[in-house]
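Novice: You'll find work_18.txt just under this line, and it carries compact mmCIF, C-alpha atoms and all ligand atoms.
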# COMPACT_ATOMS: atom_id res chain seq x y z
CA MET A 1 0.00 0.00 0.00
CA LYS A 2 1.64 3.22 -1.15
CA PHE A 3 0.47 6.56 0.17
CA GLY A 4 1.37 9.76 -1.64
CA GLY A 5 2.15 13.18 -0.20
CA THR A 6 -1.43 14.39 0.29
CA SER A 7 -2.42 11.05 1.86
CA VAL A 8 0.23 11.59 4.56
CA GLY A 9 -0.08 15.38 4.49
CA SER A 10 -1.11 15.80 8.14
CA ILE A 11 -1.09 13.84 11.40
CA ASP A 12 -4.79 13.11 10.97
CA ARG A 13 -4.19 11.69 7.53
CA ILE A 14 -1.28 9.61 8.80
CA ARG A 15 -3.62 8.16 11.41
CA ASN A 16 -6.04 7.33 8.61
CA VAL A 17 -3.21 5.51 6.78
CA ALA A 18 -2.42 3.53 9.93
CA ARG A 19 -6.06 2.50 10.33
CA ARG A 20 -6.32 1.41 6.70
CA ALA A 21 -3.15 -0.63 7.01
CA LEU A 22 -4.39 -2.31 10.16
CA ALA A 23 -7.73 -3.10 8.55
CA ALA A 24 -5.90 -4.72 5.62
CA GLN A 25 -3.76 -6.71 8.03
CA LYS A 26 -6.82 -7.80 10.00
CA ALA A 27 -8.36 -9.03 6.76
CA GLY A 28 -5.50 -11.52 6.58
CA ASN A 29 -2.85 -9.74 4.54
CA ASP A 30 0.81 -9.16 5.16
CA VAL A 31 1.04 -5.39 4.74
CA VAL A 32 3.92 -3.28 3.50
CA LEU A 33 3.40 0.47 3.44
CA ILE A 34 5.43 2.74 1.21
CA VAL A 35 5.14 6.40 2.09
CA SER A 36 6.00 9.65 0.32
CA ALA A 37 7.09 12.82 2.06
CA MET A 38 4.26 14.94 3.49
CA SER A 39 2.84 17.15 0.73
CA GLY A 40 5.03 20.14 -0.08
CA GLU A 41 7.92 18.75 1.96
CA THR A 42 10.21 17.68 -0.89
CA ASN A 43 9.87 21.11 -2.51
CA ARG A 44 10.63 22.76 0.81
CA LEU A 45 13.73 20.62 1.33
CA LEU A 46 15.07 21.22 -2.18
CA SER A 47 14.54 24.96 -1.82
CA LEU A 48 16.54 24.98 1.43
CA ALA A 49 19.50 23.57 -0.44
CA ASN A 50 19.01 26.06 -3.25
CA GLN A 51 19.10 28.90 -0.74
CA VAL A 52 22.53 27.81 0.45
CA THR A 53 24.02 27.59 -3.00
CA ALA A 54 22.84 28.05 -6.54
CA VAL A 55 24.23 24.73 -7.75
CA PRO A 56 24.02 22.31 -4.81
CA HIS A 57 26.07 19.14 -5.08
CA ALA A 58 23.83 16.30 -6.19
CA ARG A 59 24.96 13.90 -3.47
CA GLU A 60 24.01 16.31 -0.69
CA MET A 61 20.72 17.16 -2.41
CA ASP A 62 19.71 13.52 -2.13
CA VAL A 63 20.73 13.34 1.53
CA ILE A 64 18.42 16.29 2.14
CA ALA A 65 15.53 15.21 -0.11
CA ALA A 66 15.42 11.70 1.34
CA THR A 67 14.64 13.02 4.82
CA GLY A 68 11.07 13.83 3.83
CA GLU A 69 10.26 10.16 3.42
CA GLN A 70 12.26 9.24 6.53
CA VAL A 71 9.98 11.43 8.63
CA SER A 72 6.79 10.06 7.04
CA ALA A 73 7.90 6.46 7.54
CA ALA A 74 8.62 6.89 11.24
CA LEU A 75 5.45 8.93 11.87
CA THR A 76 3.39 6.27 10.13
CA ALA A 77 5.01 3.48 12.15
CA LEU A 78 4.26 5.44 15.33
CA ALA A 79 0.66 5.94 14.22
CA VAL A 80 0.21 2.19 13.70
CA GLN A 81 1.66 1.55 17.16
CA HIS A 82 -0.61 4.21 18.63
CA GLU A 83 -3.61 2.37 17.16
CA GLY A 84 -2.46 -0.75 18.98
CA GLY A 85 -0.69 -2.42 16.05
CA LYS A 86 2.90 -3.41 15.43
CA ALA A 87 5.02 -1.60 12.86
CA ARG A 88 8.62 -0.85 11.98
CA SER A 89 9.99 1.81 9.65
CA LEU A 90 12.65 0.84 7.11
CA LEU A 91 14.74 3.31 5.13
CA GLY A 92 16.08 2.58 1.66
CA HIS A 93 19.46 1.43 2.88
CA GLN A 94 17.92 -0.69 5.66
CA VAL A 95 15.69 -2.61 3.27
CA ARG A 96 18.51 -2.43 0.90
CA ILE A 97 17.06 -0.89 -2.17
CA LEU A 98 20.21 -0.86 -4.22
CA THR A 99 20.37 1.76 -6.99
CA ASP A 100 22.90 3.12 -9.43
CA ALA A 101 24.76 6.29 -8.45
CA ALA A 102 22.77 8.77 -10.54
CA PHE A 103 21.79 11.17 -7.76
CA SER A 104 18.28 12.66 -8.03
CA LYS A 105 17.30 10.20 -10.79
CA ALA A 106 18.71 6.89 -9.60
CA ARG A 107 17.44 3.61 -10.99
CA ILE A 108 16.79 0.59 -8.83
CA ARG A 109 19.17 -2.31 -9.48
CA SER A 110 17.94 -4.80 -6.93
CA ILE A 111 15.93 -5.09 -3.76
CA ASP A 112 16.83 -7.43 -0.91
CA ALA A 113 13.48 -8.34 0.58
CA THR A 114 14.94 -10.08 3.67
CA ALA A 115 14.44 -7.26 6.16
CA ILE A 116 10.86 -6.72 5.00
CA ARG A 117 10.13 -10.46 5.18
CA GLU A 118 11.54 -10.67 8.72
CA THR A 119 9.40 -7.72 9.75
CA LEU A 120 6.27 -9.32 8.29
CA ALA A 121 7.12 -12.67 9.89
CA LYS A 122 6.90 -10.98 13.31
CA GLY A 123 3.40 -9.81 12.51
CA GLU A 124 4.59 -6.24 12.06
CA ILE A 125 3.60 -3.84 9.33
CA ALA A 126 6.70 -2.77 7.41
CA VAL A 127 6.72 0.95 6.66
CA VAL A 128 9.21 1.60 3.87
CA ALA A 129 10.39 5.11 3.01
CA GLY A 130 9.62 5.72 -0.66
CA PHE A 131 11.75 7.63 -3.17
CA GLN A 132 15.09 6.58 -1.67
CA GLY A 133 17.76 3.97 -2.10
CA VAL A 134 21.45 3.45 -1.60
CA ASP A 135 24.23 3.00 -4.14
CA ASP A 136 27.17 0.61 -4.11
CA GLY A 137 29.27 3.11 -2.22
CA GLY A 138 26.70 3.49 0.57
CA ASN A 139 25.53 6.91 -0.63
CA ILE A 140 21.86 7.82 -0.28
CA THR A 141 20.14 8.23 -3.62
CA THR A 142 16.67 9.34 -4.72
CA LEU A 143 14.61 8.06 -7.63
CA GLY A 144 13.35 11.27 -9.25
CA ARG A 145 10.20 13.27 -8.56
CA GLY A 146 7.23 11.04 -8.01
CA GLY A 147 9.66 8.19 -7.32
CA SER A 148 7.73 6.67 -4.44
CA ASP A 149 5.43 5.04 -7.00
CA THR A 150 8.47 3.27 -8.39
CA SER A 151 9.63 2.28 -4.90
CA ALA A 152 6.22 0.78 -4.23
CA VAL A 153 5.94 -1.25 -7.42
CA ALA A 154 9.54 -2.44 -7.15
CA VAL A 155 9.04 -3.59 -3.55
CA ALA A 156 5.79 -5.29 -4.55
CA ALA A 157 7.64 -7.08 -7.36
CA ALA A 158 10.48 -8.13 -5.04
CA LEU A 159 7.99 -9.59 -2.58
CA GLY A 160 5.74 -11.18 -5.18
CA ALA A 161 2.82 -9.19 -3.75
CA ASN A 162 -0.70 -9.86 -5.01
CA VAL A 163 -1.29 -6.22 -5.72
CA CYS A 164 0.36 -2.83 -5.33
CA GLU A 165 -2.23 -0.34 -4.13
CA ILE A 166 -1.34 3.27 -4.91
CA TYR A 167 -3.37 5.61 -2.70
CA THR A 168 -3.62 9.14 -3.97
CA ASP A 169 -5.84 12.22 -3.91
CA VAL A 170 -7.79 11.28 -7.05
CA ASP A 171 -10.07 8.27 -7.22
CA GLY A 172 -8.36 6.59 -10.16
CA VAL A 173 -7.15 7.01 -13.72
CA TYR A 174 -9.52 9.04 -15.88
CA THR A 175 -10.44 8.80 -19.56
CA THR A 176 -9.08 12.34 -19.84
CA ASP A 177 -8.36 15.37 -17.67
CA PRO A 178 -11.65 16.12 -15.84
CA ASN A 179 -10.64 19.79 -15.60
CA VAL A 180 -10.80 20.02 -19.37
CA CYS A 181 -13.63 17.61 -20.04
CA PRO A 182 -16.49 17.45 -17.53
CA THR A 183 -17.70 14.10 -18.90
CA ALA A 184 -14.37 12.38 -18.15
CA ARG A 185 -14.95 9.06 -16.37
CA LYS A 186 -12.90 6.97 -14.02
CA ILE A 187 -11.56 3.91 -15.84
CA ASP A 188 -12.20 0.60 -14.04
CA ARG A 189 -9.49 -1.42 -15.78
CA ILE A 190 -6.66 -0.48 -18.07
CA SER A 191 -3.71 -2.40 -19.48
CA PHE A 192 -0.08 -1.70 -18.61
CA GLU A 193 0.63 -0.67 -22.20
CA GLU A 194 -2.19 1.85 -22.30
CA MET A 195 -1.20 3.21 -18.90
CA LEU A 196 2.38 3.54 -20.07
CA GLU A 197 1.31 5.57 -23.09
CA LEU A 198 -1.00 7.76 -21.00
CA ALA A 199 1.74 8.35 -18.42
CA SER A 200 4.26 9.23 -21.16
CA LEU A 201 1.70 11.63 -22.57
CA GLY A 202 1.50 13.49 -19.31
CA ALA A 203 -1.17 11.75 -17.19
CA LYS A 204 0.58 12.38 -13.91
CA VAL A 205 -1.14 9.88 -11.69
CA LEU A 206 1.74 7.34 -11.83
CA GLN A 207 5.46 7.79 -12.39
CA ILE A 208 6.23 6.22 -15.79
CA ARG A 209 8.96 3.98 -14.43
CA SER A 210 6.59 2.43 -11.93
CA VAL A 211 4.38 1.29 -14.81
CA GLU A 212 7.40 -0.11 -16.67
CA ILE A 213 8.35 -2.19 -13.64
CA ALA A 214 4.77 -3.31 -13.09
CA MET A 215 4.58 -4.47 -16.70
CA LYS A 216 7.95 -6.24 -16.58
CA TYR A 217 7.16 -8.14 -13.37
CA ASN A 218 3.42 -8.35 -13.91
CA VAL A 219 2.45 -6.58 -10.68
CA PRO A 220 -1.17 -5.41 -10.79
CA ILE A 221 -1.51 -1.78 -9.66
CA HIS A 222 -4.67 -0.50 -8.03
CA VAL A 223 -4.79 3.31 -8.20
CA ARG A 224 -7.33 4.53 -5.64
CA THR A 225 -8.18 7.33 -3.26
CA SER A 226 -7.10 7.30 0.37
CA PHE A 227 -10.18 9.33 1.30
CA SER A 228 -12.77 6.58 0.81
CA ASP A 229 -13.12 2.83 0.30
CA ALA A 230 -14.27 3.24 -3.30
CA PRO A 231 -12.39 1.01 -5.74
CA GLY A 232 -10.22 2.90 -8.21
CA THR A 233 -8.54 1.79 -11.42
CA MET A 234 -6.88 -1.61 -11.87
CA VAL A 235 -3.81 -1.48 -14.10
CA THR A 236 -3.06 -5.03 -15.18
CA GLY A 237 -1.60 -7.22 -17.89
CA GLU A 238 -5.00 -8.65 -18.73
CA GLU A 239 -6.78 -7.51 -21.80
CA GLY A 240 -10.51 -7.66 -22.04
CA LEU A 241 -12.08 -10.04 -24.55
CA GLU A 242 -12.75 -7.06 -26.71
CA ALA A 243 -10.16 -4.35 -26.02
CA VAL A 244 -11.70 -0.88 -26.17
CA THR A 245 -10.65 1.03 -29.27
CA VAL A 246 -9.79 4.18 -27.35
CA ALA A 247 -9.19 4.05 -23.62
CA GLY A 248 -8.16 7.64 -23.04
CA VAL A 249 -7.45 11.05 -24.52
CA ALA A 250 -4.36 12.97 -23.44
CA TYR A 251 -2.92 16.38 -24.24
CA ASP A 252 0.41 18.07 -23.78
CA LYS A 253 1.10 21.77 -24.09
CA ALA A 254 4.75 21.52 -23.11
CA GLU A 255 6.19 21.08 -26.60
CA ALA A 256 7.15 23.63 -29.24
CA ARG A 257 7.36 23.12 -32.99
CA VAL A 258 10.57 23.81 -34.89
CA HIS A 259 10.41 24.04 -38.67
CA LEU A 260 13.60 23.85 -40.72
CA VAL A 261 12.82 25.26 -44.16
CA GLY A 262 14.65 23.96 -47.22
CA VAL A 263 17.35 21.70 -45.84
CA GLU A 264 19.40 19.76 -48.38
CA ASP A 265 17.68 16.61 -49.54
CA LYS A 266 20.36 13.95 -49.65
CA PRO A 267 21.39 10.89 -47.62
CA GLY A 268 22.70 11.66 -44.17
CA VAL A 269 21.03 15.02 -43.57
CA SER A 270 18.50 13.80 -40.98
CA ALA A 271 21.20 11.69 -39.36
CA PHE A 272 23.41 14.78 -39.09
CA LEU A 273 20.62 17.03 -37.82
CA PHE A 274 19.34 14.73 -35.12
CA GLU A 275 22.79 13.55 -34.01
CA LYS A 276 23.72 17.17 -33.37
CA ILE A 277 20.43 17.86 -31.63
CA ALA A 278 20.84 14.77 -29.44
CA GLU A 279 24.35 15.89 -28.51
CA GLN A 280 22.72 18.97 -26.99
CA ASN A 281 20.52 16.71 -24.87
CA ILE A 282 17.40 18.03 -26.55
CA SER A 283 14.78 15.33 -26.55
CA VAL A 284 12.83 15.42 -29.76
CA ASP A 285 9.33 14.00 -29.91
CA MET A 286 7.48 14.18 -33.25
CA ILE A 287 9.49 14.37 -36.47
CA ILE A 288 8.11 15.06 -39.93
CA GLN A 289 10.08 15.23 -43.11
CA ASN A 290 8.36 16.42 -46.25
CA VAL A 291 8.85 14.80 -49.62
CA SER A 292 11.43 16.48 -51.83
CA ARG A 293 10.46 19.79 -53.31
CA SER A 294 10.53 19.87 -57.06
CA ASP A 295 12.63 23.03 -57.07
CA ALA A 296 16.29 22.48 -56.05
CA ASN A 297 17.11 19.41 -54.00
CA ARG A 298 15.53 20.63 -50.82
CA THR A 299 12.97 19.52 -48.27
CA ASP A 300 11.48 20.72 -44.98
CA VAL A 301 12.01 19.03 -41.63
CA THR A 302 9.76 19.73 -38.65
CA PHE A 303 10.12 18.44 -35.13
CA THR A 304 8.79 19.12 -31.65
CA MET A 305 10.83 19.57 -28.47
CA PRO A 306 10.21 20.77 -24.89
CA LYS A 307 9.35 24.47 -24.70
CA THR A 308 11.50 24.78 -21.61
CA ASP A 309 14.61 23.92 -23.64
CA LEU A 310 13.80 26.22 -26.55
CA GLU A 311 15.37 29.44 -25.30
CA ARG A 312 18.79 27.94 -24.62
CA SER A 313 18.67 25.77 -27.75
CA ARG A 314 17.76 28.34 -30.39
CA PRO A 315 21.29 29.47 -31.33
CA ILE A 316 22.47 25.87 -31.53
CA ILE A 317 19.50 24.76 -33.58
CA GLU A 318 20.07 27.61 -36.00
CA GLU A 319 23.72 26.70 -36.35
CA ILE A 320 22.90 23.04 -36.98
CA ALA A 321 20.16 24.00 -39.44
CA ALA A 322 22.53 26.27 -41.34
CA SER A 323 25.09 23.47 -41.66
CA ALA A 324 22.35 21.33 -43.18
CA GLY A 325 21.69 24.08 -45.71
CA ALA A 326 18.41 25.27 -44.20
CA GLN A 327 17.20 28.59 -45.56
CA GLU A 328 15.16 29.51 -42.51
CA VAL A 329 14.13 28.24 -39.07
CA ARG A 330 10.62 28.93 -37.79
CA TYR A 331 9.33 28.33 -34.30
CA ASP A 332 5.83 27.94 -32.95
CA GLU A 333 5.24 27.69 -29.22
CA ASP A 334 1.46 27.89 -29.50
CA VAL A 335 0.97 24.22 -30.23
CA ALA A 336 -0.43 21.28 -28.31
CA LYS A 337 -0.27 17.54 -28.85
CA VAL A 338 -3.59 15.78 -28.52
CA SER A 339 -3.49 11.98 -28.41
CA ILE A 340 -5.80 9.00 -28.28
CA VAL A 341 -4.61 5.74 -26.72
CA GLY A 342 -6.15 2.28 -26.93
CA LEU A 343 -5.18 -1.35 -27.40
CA GLY A 344 -8.10 -1.89 -29.77
CA MET A 345 -6.34 0.22 -32.41
CA ARG A 346 -4.19 -2.79 -33.19
CA THR A 347 -7.14 -4.58 -34.67
CA HIS A 348 -9.59 -1.84 -35.67
CA ALA A 349 -9.21 -0.04 -38.97
CA GLY A 350 -10.26 3.56 -39.45
CA VAL A 351 -9.34 4.89 -36.02
CA ALA A 352 -6.92 7.48 -37.42
CA SER A 353 -9.31 8.70 -40.10
CA LYS A 354 -12.06 9.00 -37.51
CA MET A 355 -9.79 11.10 -35.31
CA PHE A 356 -8.92 13.40 -38.23
CA ARG A 357 -12.58 13.72 -39.23
CA LEU A 358 -13.63 14.63 -35.70
CA LEU A 359 -10.99 17.37 -35.58
CA ALA A 360 -11.89 18.57 -39.08
CA ASN A 361 -15.56 18.86 -38.12
CA GLU A 362 -14.51 21.45 -35.53
CA GLY A 363 -12.35 23.31 -38.03
CA ILE A 364 -9.16 22.26 -36.25
CA ASN A 365 -6.12 22.06 -38.51
CA ILE A 366 -3.65 19.22 -37.95
CA GLN A 367 -0.03 20.38 -38.12
CA ALA A 368 1.70 17.05 -37.58
CA ILE A 369 0.78 13.46 -36.87
CA SER A 370 2.64 10.66 -35.16
CA THR A 371 1.51 7.15 -34.36
CA SER A 372 2.51 4.07 -32.44
CA GLU A 373 0.75 0.73 -32.40
CA ILE A 374 -1.69 1.89 -29.73
CA LYS A 375 -1.52 5.70 -29.95
CA ILE A 376 -2.24 8.47 -32.44
CA SER A 377 -1.09 12.01 -31.74
CA CYS A 378 -1.98 15.19 -33.61
CA LEU A 379 -0.29 18.53 -33.22
CA VAL A 380 -2.81 21.40 -33.24
CA ALA A 381 -2.84 25.10 -32.38
CA SER A 382 -2.86 25.30 -28.59
CA LYS A 383 -6.01 27.44 -28.51
CA TYR A 384 -7.92 24.36 -29.73
CA THR A 385 -6.61 21.99 -27.04
CA GLU A 386 -9.73 21.85 -24.89
CA LEU A 387 -12.08 21.68 -27.86
CA ALA A 388 -10.03 18.89 -29.42
CA VAL A 389 -9.93 16.87 -26.20
CA ARG A 390 -13.68 17.17 -25.65
CA THR A 391 -14.48 16.38 -29.27
CA LEU A 392 -12.33 13.24 -29.30
CA HIS A 393 -13.58 12.13 -25.90
CA GLU A 394 -17.16 12.41 -27.06
CA GLY A 395 -16.51 11.13 -30.59
CA PHE A 396 -14.87 7.92 -29.40
CA GLY A 397 -17.69 7.22 -26.99
CA LEU A 398 -15.71 7.77 -23.81
CA SER A 399 -18.38 9.92 -22.26
CA GLN A 400 -20.50 6.85 -21.65
CA ALA A 401 -19.44 3.70 -19.85
CA PRO A 402 -17.96 1.24 -22.38
CA VAL A 403 -20.28 -1.56 -23.46
CA LYS A 404 -19.03 -4.76 -21.85
CA ALA A 405 -18.39 -7.62 -24.27
N1 LIG A 501 8.56 13.03 -2.29
C1 LIG A 501 8.99 12.80 -3.63
C2 LIG A 501 8.44 13.87 -4.55
O1 LIG A 501 7.79 14.79 -4.10
C3 LIG A 501 8.65 11.43 -4.12
C4 LIG A 501 7.17 11.13 -4.20
O2 LIG A 501 6.36 11.77 -3.55
O3 LIG A 501 6.80 10.20 -4.90
O4 LIG A 501 8.67 13.84 -5.72
MG MG A 502 2.89 10.98 -7.05
Please re-express this file's structure in structure tokens.
Ligand code: ASP
Ligand code: MG

Specialist:
Amino acid sequence: MKFGGTSVGSIDRIRNVARRALAAQKAGNDVVLIVSAMSGETNRLLSLANQVTAVPHAREMDVIAATGEQVSAALTALAVQHEGGKARSLLGHQVRILTDAAFSKARIRSIDATAIRETLAKGEIAVVAGFQGVDDGGNITTLGRGGSDTSAVAVAAALGANVCEIYTDVDGVYTTDPNVCPTARKIDRISFEEMLELASLGAKVLQIRSVEIAMKYNVPIHVRTSFSDAPGTMVTGEEGLEAVTVAGVAYDKAEARVHLVGVEDKPGVSAFLFEKIAEQNISVDMIIQNVSRSDANRTDVTFTMPKTDLERSRPIIEEIAASAGAQEVRYDEDVAKVSIVGLGMRTHAGVASKMFRLLANEGINIQAISTSEIKISCLVASKYTELAVRTLHEGFGLSQAPVKA
């Protein structure tokens, strides 16, 4: 059972966590809790370090950031004891959650489940501090923002748990952002693959890496609210008999479009362009290359990249573009990527054309398209984001409960 920052955001809420854990134990389960820092705490800790020095050393940042979870774990263990139960807190290095040495974005290498098993064998609830681990050299590491989800799924995998319950402040995974689309519905079941696509597209309910681990080790995740007993969303490896065509609609306003006009059209130009761009650590998302123009041997290349990187990258992009013979570079920050995700796309024809028709009916122009086996994304002017999301949500029948096969 993993509880996020808002679920442990106050002493009252921590008591609620303790009661839930005890109820689960009473129902016959061995219970491992994974806790995040109290809400706002990680930001507060990181800002303390930033007040001391503009570029804090990564190793010390992790020592500081990891304390948020240390406090939550001990408070939660105390709360269980106060309710008359037995509990013990375990920090990353005590469990032994071994990670690589990439401070602030460490990856888990292995988990030794012995200490947790011994705790459970004594009838105690193990309360594991999320987000943190230890590297080979004994240094404290953290797993990146939102990393407690990954801690939870990895511990669940190491223990062979029946389920990893992720308790949060929303009641599950939604068909789209309810703030944008009032008819958004909670999804009862979704596959790992669909969840992975939705998380990559910006659905923030689970850290992407937690879904990757869940898929690899086949750990079912139950995303649910800590404020009621209502069931949330099951994320599993099972596919329904008849996979829904579209499970969710996502949008992302964080990317900008870069248009290189009239680059040379000959072998090796794209390789050159994107090698140079990768060297600058710019992560490119959509890429479109036009067919050759009949005039001269030139073509246009368009790609999208994070808006936040655009300012620093402009001079470099222009230099790279010039070396590839580009006549002009144009930028557009007023774009948004709107995507539909669903396993059923694998077997249903006409999903893409339906998406394009729905957008066309609203007079929305498509600037770029990219697809994967279970996802179609369209780049549109950002002013149309909300309209596009609502239109697709309605058009693909997500506003009503899916018809069960
Ligand atoms: N406390 C960490 C964060 O705020 C990890 C987590 O909550 O999952 O990112
Ligand atoms: Mg989170």

Novice: Please compute the CA of Asp285 (chain A)-CA of Val219 (chain A) distance, one decimal, in Å.

Specialist: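 Result for CA of Asp285 (chain A) versus CA of Val219 (chain A): 29.0 Å, one decimal.
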
Novice: As a ChimeraX atom specification, please: the residues near region 326-330 of chain A (cut-off 9 Å, all atoms listed in the file, same-chain neighbours under 4 positions excluded).

Specialist: /A:257-264,298-300,317-318,320-322

Novice: For Thr119 (chain A), please output as a VMD selection string all residues within 12 Å (counting all atoms listed in the file; exclusion window: fewer than 6 positions along the same chain).

Specialist: chain A and resid 30 to 33 86 to 90 94 to 95 113 125 to 128

Novice: How close does chain A get to ligand LIG 501 (chain A)? List, as CSV, each residue of chain A within 6 Å, its nearest atom pair and the distance in Å to one decimal, counting only C-alpha atoms and all ligand atoms.

Specialist:
residue,atom,partner,partner_atom,distance
A:Gly4,CA,A:LIG501,O2,5.7
A:Gly5,CA,A:LIG501,O2,5.6
A:Ser36,CA,A:LIG501,O2,4.4
A:Ala37,CA,A:LIG501,N1,4.6
A:Thr42,CA,A:LIG501,O1,5.0
A:Phe131,CA,A:LIG501,C3,5.0
A:Arg145,CA,A:LIG501,O4,3.3
A:Gly146,CA,A:LIG501,O3,3.3
A:Gly147,CA,A:LIG501,O3,4.3
A:Ser148,CA,A:LIG501,O3,3.7
A:Asp149,CA,A:LIG501,O3,5.7

Novice: What residues of the protein or nucleic acid chains come within 12 Å of ligand MG 502 (chain A) when you use all atoms listed in the file? Reply as a ChimeraX atom specification.

Specialist: /A:2-8,34-40,42,130-131,144-152,166-170,199,203-210,223

Novice: Using the selection just defined, write its residues with C-alpha atoms as a compact mmCIF listing (two decimals), keeping the file's coordinate frame.

Specialist:
# COMPACT_ATOMS: atom_id res chain seq x y z
CA LYS A 2 1.64 3.22 -1.15
CA PHE A 3 0.47 6.56 0.17
CA GLY A 4 1.37 9.76 -1.64
CA GLY A 5 2.15 13.18 -0.20
CA THR A 6 -1.43 14.39 0.29
CA SER A 7 -2.42 11.05 1.86
CA VAL A 8 0.23 11.59 4.56
CA ILE A 34 5.43 2.74 1.21
CA VAL A 35 5.14 6.40 2.09
CA SER A 36 6.00 9.65 0.32
CA ALA A 37 7.09 12.82 2.06
CA MET A 38 4.26 14.94 3.49
CA SER A 39 2.84 17.15 0.73
CA GLY A 40 5.03 20.14 -0.08
CA THR A 42 10.21 17.68 -0.89
CA GLY A 130 9.62 5.72 -0.66
CA PHE A 131 11.75 7.63 -3.17
CA GLY A 144 13.35 11.27 -9.25
CA ARG A 145 10.20 13.27 -8.56
CA GLY A 146 7.23 11.04 -8.01
CA GLY A 147 9.66 8.19 -7.32
CA SER A 148 7.73 6.67 -4.44
CA ASP A 149 5.43 5.04 -7.00
CA THR A 150 8.47 3.27 -8.39
CA SER A 151 9.63 2.28 -4.90
CA ALA A 152 6.22 0.78 -4.23
CA ILE A 166 -1.34 3.27 -4.91
CA TYR A 167 -3.37 5.61 -2.70
CA THR A 168 -3.62 9.14 -3.97
CA ASP A 169 -5.84 12.22 -3.91
CA VAL A 170 -7.79 11.28 -7.05
CA ALA A 199 1.74 8.35 -18.42
CA ALA A 203 -1.17 11.75 -17.19
CA LYS A 204 0.58 12.38 -13.91
CA VAL A 205 -1.14 9.88 -11.69
CA LEU A 206 1.74 7.34 -11.83
CA GLN A 207 5.46 7.79 -12.39
CA ILE A 208 6.23 6.22 -15.79
CA ARG A 209 8.96 3.98 -14.43
CA SER A 210 6.59 2.43 -11.93
CA VAL A 223 -4.79 3.31 -8.20

Novice: Do you know which residues lie at most 6 Å from (1.5, 24.6, -30.9), with coordinates as in the file and all atoms listed in the file counted, and could you write them as a PyMOL selection string?

Specialist: chain A and resi 256+332-336+380-382

Novice: Measuring atom to atom with all atoms listed in the file, identify which of A:Gln400, A:Ala18, A:Ala324, A:Met286 is nearest to Gln367 (chain A).

Specialist: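 Under the stated criterion, the closest residue is A:Met286.
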
Novice: Can you tell me which residues surround region 343-352 of chain A at a distance of at most 9 Å, considering all atoms listed in the file, apart from same-chain residues fewer than 3 positions away, and format the answer as a PyMOL selection string?

Specialist: chain A and resi 191+193-194+239+242-247+355-357+371+373-376

Novice: Go ahead and compute the interatomic distance for CA of Arg59 (chain A) and CA of Val153 (chain A), in Å to one decimal.

Specialist: 24.6 Å

Novice: List as a list in words the protein and nucleic acid residues near region 156-165 of chain A, meaning an atom at most 6 Å away when only C-alpha atoms are counted, but skip any in the same chain fewer than 2 places from it.

Specialist: Met1, Val153, Ala154, Pro220, Ile221 and His222 of chain A

Novice: Using only C-alpha atoms, find the one residue out of A:Gly85, A:Gly342, A:Pro315, A:Gly395 that sits nearest to Glu362 (chain A).

Specialist: A:Gly395

Novice: Could you list, as a list in words, every residue within 6 Å of Arg224 (chain A), counting only C-alpha atoms and ignoring same-chain residues fewer than 6 positions away?

Specialist: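 Residues meeting the cut-off are Tyr167, Asp171, Gly172 and Gly232 of chain A.
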
Novice: Would you list the residues near (16.6, 14.5, -40.5) (no more than 10 Å away, in the coordinates of the file, using only C-alpha atoms) as number ranges by chain?

Specialist: A: 260, 263-275, 287-289, 299-303, 324
